[in-house]
Amino acid sequence: MTSPDELTEIIRQWMDVFATRSMHDWSHYVKMTGLSMPQFGILMHLHYREHCGVSHISERMEISAAAASQLVDRLVQSGLVERIEDPNDRRAKQLTLSKKGQALIETGITERSRWVGELVTSMTPEEYEVVAAALSTLTHAARRLEQSKVTG
């Protein structure tokens, strides 16, 4: 029987492999786009959040409002981000991904996860079942933990 400490170590090892590969693939893709990692981080944030203001970007990245504004300006000039009117405050502007920005992020996500497909094809059907059940259990446990932090 696997102990909690052994399971923690097994999960940590998987996280190390996954994070190393994922970051390598992200880094390679970002270099190909010509963007900096902070710029790409803004695009990813907008991809998952849909829209936000420059002040939110500043807080999220822990940089000054001026630095965030400069990063955003470059993304707007590149056609990757658009400024839209805030529906709650017509004087304020919100940031959102342009179609070009969305396409760039979607391609990056595909590139980053390409190796997962390679990994799966190297496995047997029996391993599929074991991994699917284990990752499903792990995902549910992680969501419960996150939910308890939000509500607790």
# chains A, B, ... in the order shown; residues from 1 in each chain; ligands from 1
$ residues_around --residues "stretch 137-146 of chain A" --least-positions-apart "5" --cutoff "12 Å" --atoms "only C-alpha atoms" --output "list of chain:residue names"
A:Leu7, A:Thr8, A:Ile11, A:Val130, A:Val131, A:Ala132, A:Thr151, A:Gly152
$ residues_around --residues "stretch 39-41 of chain A" --least-positions-apart "5" --cutoff "9 Å" --atoms "only C-alpha atoms" --output "list in words"
Val30, Leu46, Met61, Leu71, Val72, Arg74, Leu75 and Ile105 of chain A
$ write_last_selection --atoms "N, CA and C atoms" --output "PDB file, in the first residue's frame"
ATOM      1  N   VAL A  30       7.253  30.979 -27.259  1.00  0.00           N
ATOM      2  CA  VAL A  30       7.300  32.428 -27.032  1.00  0.00           C
ATOM      3  C   VAL A  30       8.459  33.045 -27.811  1.00  0.00           C
ATOM      4  N   LEU A  46      -5.342  37.256 -20.366  1.00  0.00           N
ATOM      5  CA  LEU A  46      -6.536  37.706 -21.083  1.00  0.00           C
ATOM      6  C   LEU A  46      -7.287  36.532 -21.713  1.00  0.00           C
ATOM      7  N   MET A  61       0.887  40.999 -12.169  1.00  0.00           N
ATOM      8  CA  MET A  61       2.297  40.776 -12.493  1.00  0.00           C
ATOM      9  C   MET A  61       3.243  41.397 -11.469  1.00  0.00           C
ATOM     10  N   LEU A  71       3.951  47.464 -21.579  1.00  0.00           N
ATOM     11  CA  LEU A  71       3.810  46.118 -22.129  1.00  0.00           C
ATOM     12  C   LEU A  71       2.524  46.011 -22.946  1.00  0.00           C
ATOM     13  N   VAL A  72       1.442  46.529 -22.404  1.00  0.00           N
ATOM     14  CA  VAL A  72       0.145  46.483 -23.087  1.00  0.00           C
ATOM     15  C   VAL A  72       0.189  47.296 -24.375  1.00  0.00           C
ATOM     16  N   ARG A  74       2.623  47.816 -26.373  1.00  0.00           N
ATOM     17  CA  ARG A  74       3.305  47.044 -27.422  1.00  0.00           C
ATOM     18  C   ARG A  74       2.392  45.955 -27.988  1.00  0.00           C
ATOM     19  N   LEU A  75       1.604  45.348 -27.106  1.00  0.00           N
ATOM     20  CA  LEU A  75       0.682  44.308 -27.565  1.00  0.00           C
ATOM     21  C   LEU A  75      -0.446  44.893 -28.407  1.00  0.00           C
ATOM     22  N   ILE A 105      -2.424  32.497 -29.036  1.00  0.00           N
ATOM     23  CA  ILE A 105      -2.512  31.737 -27.791  1.00  0.00           C
ATOM     24  C   ILE A 105      -2.988  30.314 -28.050  1.00  0.00           C
TER      25      ILE A 105
END
$ select_by_dssp --residues "stretch 80-115 of chain A" --states "helix (DSSP H, G or I)" --output "list of chain:residue names"
A:Lys99, A:Lys100, A:Gly101, A:Gln102, A:Ala103, A:Leu104, A:Ile105, A:Glu106, A:Thr107, A:Gly108, A:Ile109, A:Thr110, A:Glu111, A:Arg112, A:Ser113, A:Arg114, A:Trp115
$ write_last_selection --atoms "C-alpha atoms" --output "short mmCIF file (atom, residue, chain, number, x, y, z; two decimals), in the first residue's frame"
data_model
loop_
_atom_site.label_atom_id
_atom_site.label_comp_id
_atom_site.auth_asym_id
_atom_site.auth_seq_id
_atom_site.Cartn_x
_atom_site.Cartn_y
_atom_site.Cartn_z
CA LYS A 99 -8.58 37.60 -33.04
CA LYS A 100 -4.87 37.61 -33.88
CA GLY A 101 -3.97 37.38 -30.18
CA GLN A 102 -6.47 34.60 -29.58
CA ALA A 103 -5.08 32.61 -32.53
CA LEU A 104 -1.53 33.05 -31.24
CA ILE A 105 -2.51 31.74 -27.79
CA GLU A 106 -4.50 28.82 -29.18
CA THR A 107 -1.53 27.79 -31.32
CA GLY A 108 0.72 28.04 -28.25
CA ILE A 109 -1.60 25.85 -26.21
CA THR A 110 -1.62 23.27 -29.00
CA GLU A 111 2.18 23.37 -29.24
CA ARG A 112 2.62 23.10 -25.48
CA SER A 113 0.39 20.06 -25.23
CA ARG A 114 1.66 18.27 -28.34
CA TRP A 115 3.98 16.15 -26.22
#
$ select_by_dssp --residues "stretch 6-141 of chain A" --states "strand (DSSP E or B)" --output "list of chain:residue names"
A:His51, A:Cys52, A:Val81, A:Glu82, A:Arg83, A:Ile84, A:Glu85, A:Asp86, A:Asp89, A:Arg90, A:Arg91, A:Ala92, A:Lys93, A:Gln94, A:Leu95, A:Thr96, A:Leu97
$ write_last_selection --atoms "all heavy atoms" --output "compact mmCIF listing (two decimals), in the first residue's frame"
# COMPACT_ATOMS: atom_id res chain seq x y z
N HIS A 51 -11.22 39.70 -20.25
CA HIS A 51 -10.88 41.12 -20.29
C HIS A 51 -10.56 41.61 -18.88
O HIS A 51 -10.99 41.03 -17.89
CB HIS A 51 -12.00 41.96 -20.91
CG HIS A 51 -13.31 41.81 -20.22
ND1 HIS A 51 -13.63 42.47 -19.05
CD2 HIS A 51 -14.39 41.05 -20.53
CE1 HIS A 51 -14.84 42.14 -18.68
NE2 HIS A 51 -15.33 41.27 -19.56
N CYS A 52 -9.78 42.68 -18.82
CA CYS A 52 -9.44 43.32 -17.55
C CYS A 52 -8.77 44.65 -17.86
O CYS A 52 -8.46 44.95 -19.01
CB CYS A 52 -8.54 42.45 -16.69
SG CYS A 52 -6.89 42.20 -17.35
N VAL A 81 -3.81 42.72 -28.82
CA VAL A 81 -4.72 43.13 -27.75
C VAL A 81 -5.49 44.35 -28.23
O VAL A 81 -4.95 45.18 -28.96
CB VAL A 81 -3.94 43.46 -26.45
CG1 VAL A 81 -4.81 44.11 -25.40
CG2 VAL A 81 -3.28 42.20 -25.88
N GLU A 82 -6.73 44.44 -27.80
CA GLU A 82 -7.56 45.60 -28.12
C GLU A 82 -8.03 46.25 -26.83
O GLU A 82 -8.22 45.58 -25.82
CB GLU A 82 -8.79 45.16 -28.92
CG GLU A 82 -8.45 44.55 -30.26
CD GLU A 82 -9.65 43.95 -30.97
OE1 GLU A 82 -10.72 43.78 -30.33
OE2 GLU A 82 -9.52 43.63 -32.16
N ARG A 83 -8.20 47.55 -26.89
CA ARG A 83 -8.80 48.29 -25.78
C ARG A 83 -10.28 48.48 -26.10
O ARG A 83 -10.62 48.93 -27.20
CB ARG A 83 -8.13 49.65 -25.61
CG ARG A 83 -6.73 49.54 -25.04
CD ARG A 83 -6.18 50.95 -24.75
NE ARG A 83 -4.88 50.87 -24.11
CZ ARG A 83 -3.72 50.97 -24.73
NH1 ARG A 83 -3.68 51.17 -26.04
NH2 ARG A 83 -2.59 50.89 -24.06
N ILE A 84 -11.12 48.12 -25.16
CA ILE A 84 -12.56 48.26 -25.35
C ILE A 84 -13.14 49.09 -24.21
O ILE A 84 -12.53 49.19 -23.14
CB ILE A 84 -13.27 46.89 -25.44
CG1 ILE A 84 -13.04 46.08 -24.16
CG2 ILE A 84 -12.84 46.13 -26.67
CD1 ILE A 84 -13.84 44.79 -24.08
N GLU A 85 -14.30 49.67 -24.46
CA GLU A 85 -14.95 50.47 -23.43
C GLU A 85 -15.45 49.56 -22.31
O GLU A 85 -16.03 48.51 -22.55
CB GLU A 85 -16.12 51.22 -24.06
CG GLU A 85 -16.74 52.25 -23.16
CD GLU A 85 -17.79 53.05 -23.89
OE1 GLU A 85 -17.42 53.91 -24.70
OE2 GLU A 85 -18.98 52.77 -23.66
N ASP A 86 -15.20 49.97 -21.07
CA ASP A 86 -15.70 49.24 -19.90
C ASP A 86 -17.20 49.48 -19.81
O ASP A 86 -17.63 50.62 -19.70
CB ASP A 86 -14.99 49.75 -18.64
CG ASP A 86 -15.36 48.97 -17.39
OD1 ASP A 86 -16.45 48.37 -17.35
OD2 ASP A 86 -14.56 48.97 -16.45
N ASP A 89 -18.06 51.51 -16.69
CA ASP A 89 -17.48 52.85 -16.53
C ASP A 89 -16.98 53.30 -17.90
O ASP A 89 -15.90 52.91 -18.33
CB ASP A 89 -16.34 52.82 -15.51
CG ASP A 89 -15.71 54.18 -15.28
OD1 ASP A 89 -16.10 55.16 -15.95
OD2 ASP A 89 -14.81 54.26 -14.42
N ARG A 90 -17.75 54.11 -18.57
CA ARG A 90 -17.43 54.51 -19.95
C ARG A 90 -16.10 55.25 -20.06
O ARG A 90 -15.53 55.33 -21.13
CB ARG A 90 -18.56 55.36 -20.53
CG ARG A 90 -19.86 54.55 -20.63
CD ARG A 90 -20.95 55.35 -21.23
NE ARG A 90 -20.62 55.55 -22.65
CZ ARG A 90 -21.29 56.32 -23.45
NH1 ARG A 90 -22.35 56.97 -23.03
NH2 ARG A 90 -20.93 56.46 -24.71
N ARG A 91 -15.59 55.79 -18.94
CA ARG A 91 -14.31 56.50 -18.97
C ARG A 91 -13.13 55.53 -18.95
O ARG A 91 -12.03 55.89 -19.35
CB ARG A 91 -14.20 57.43 -17.76
CG ARG A 91 -15.25 58.54 -17.75
CD ARG A 91 -15.28 59.23 -16.43
NE ARG A 91 -15.73 58.24 -15.43
CZ ARG A 91 -15.66 58.37 -14.12
NH1 ARG A 91 -15.13 59.46 -13.61
NH2 ARG A 91 -16.11 57.45 -13.30
N ALA A 92 -13.37 54.33 -18.47
CA ALA A 92 -12.29 53.34 -18.33
C ALA A 92 -12.23 52.43 -19.56
O ALA A 92 -13.22 52.26 -20.27
CB ALA A 92 -12.51 52.51 -17.08
N LYS A 93 -11.06 51.87 -19.77
CA LYS A 93 -10.86 50.93 -20.87
C LYS A 93 -10.52 49.55 -20.31
O LYS A 93 -9.85 49.42 -19.29
CB LYS A 93 -9.71 51.38 -21.79
CG LYS A 93 -9.97 52.68 -22.51
CD LYS A 93 -11.04 52.51 -23.54
CE LYS A 93 -11.24 53.81 -24.31
NZ LYS A 93 -12.40 53.75 -25.15
N GLN A 94 -11.01 48.54 -20.99
CA GLN A 94 -10.70 47.16 -20.67
C GLN A 94 -9.82 46.61 -21.80
O GLN A 94 -9.89 47.08 -22.93
CB GLN A 94 -11.98 46.33 -20.58
CG GLN A 94 -12.85 46.69 -19.39
CD GLN A 94 -12.32 46.09 -18.12
OE1 GLN A 94 -12.19 44.88 -17.98
NE2 GLN A 94 -11.99 46.95 -17.16
N LEU A 95 -9.04 45.62 -21.48
CA LEU A 95 -8.19 44.96 -22.46
C LEU A 95 -8.80 43.61 -22.81
O LEU A 95 -9.33 42.92 -21.93
CB LEU A 95 -6.79 44.74 -21.90
CG LEU A 95 -6.09 45.98 -21.36
CD1 LEU A 95 -4.83 45.59 -20.61
CD2 LEU A 95 -5.79 46.93 -22.49
N THR A 96 -8.72 43.26 -24.07
CA THR A 96 -9.20 41.95 -24.51
C THR A 96 -8.30 41.47 -25.65
O THR A 96 -7.66 42.28 -26.32
CB THR A 96 -10.68 42.03 -24.95
OG1 THR A 96 -11.17 40.70 -25.16
CG2 THR A 96 -10.86 42.86 -26.20
N LEU A 97 -8.24 40.18 -25.84
CA LEU A 97 -7.45 39.64 -26.96
C LEU A 97 -8.13 39.96 -28.28
O LEU A 97 -9.36 39.86 -28.39
CB LEU A 97 -7.32 38.13 -26.84
CG LEU A 97 -6.38 37.56 -25.81
CD1 LEU A 97 -6.43 36.03 -25.84
CD2 LEU A 97 -4.96 38.03 -26.04
$ closest_residue --among "A:Ser98, A:Ser36, A:Ser3, A:Ser64" --to "A:Gly79" --atoms "only C-alpha atoms"
A:Ser98
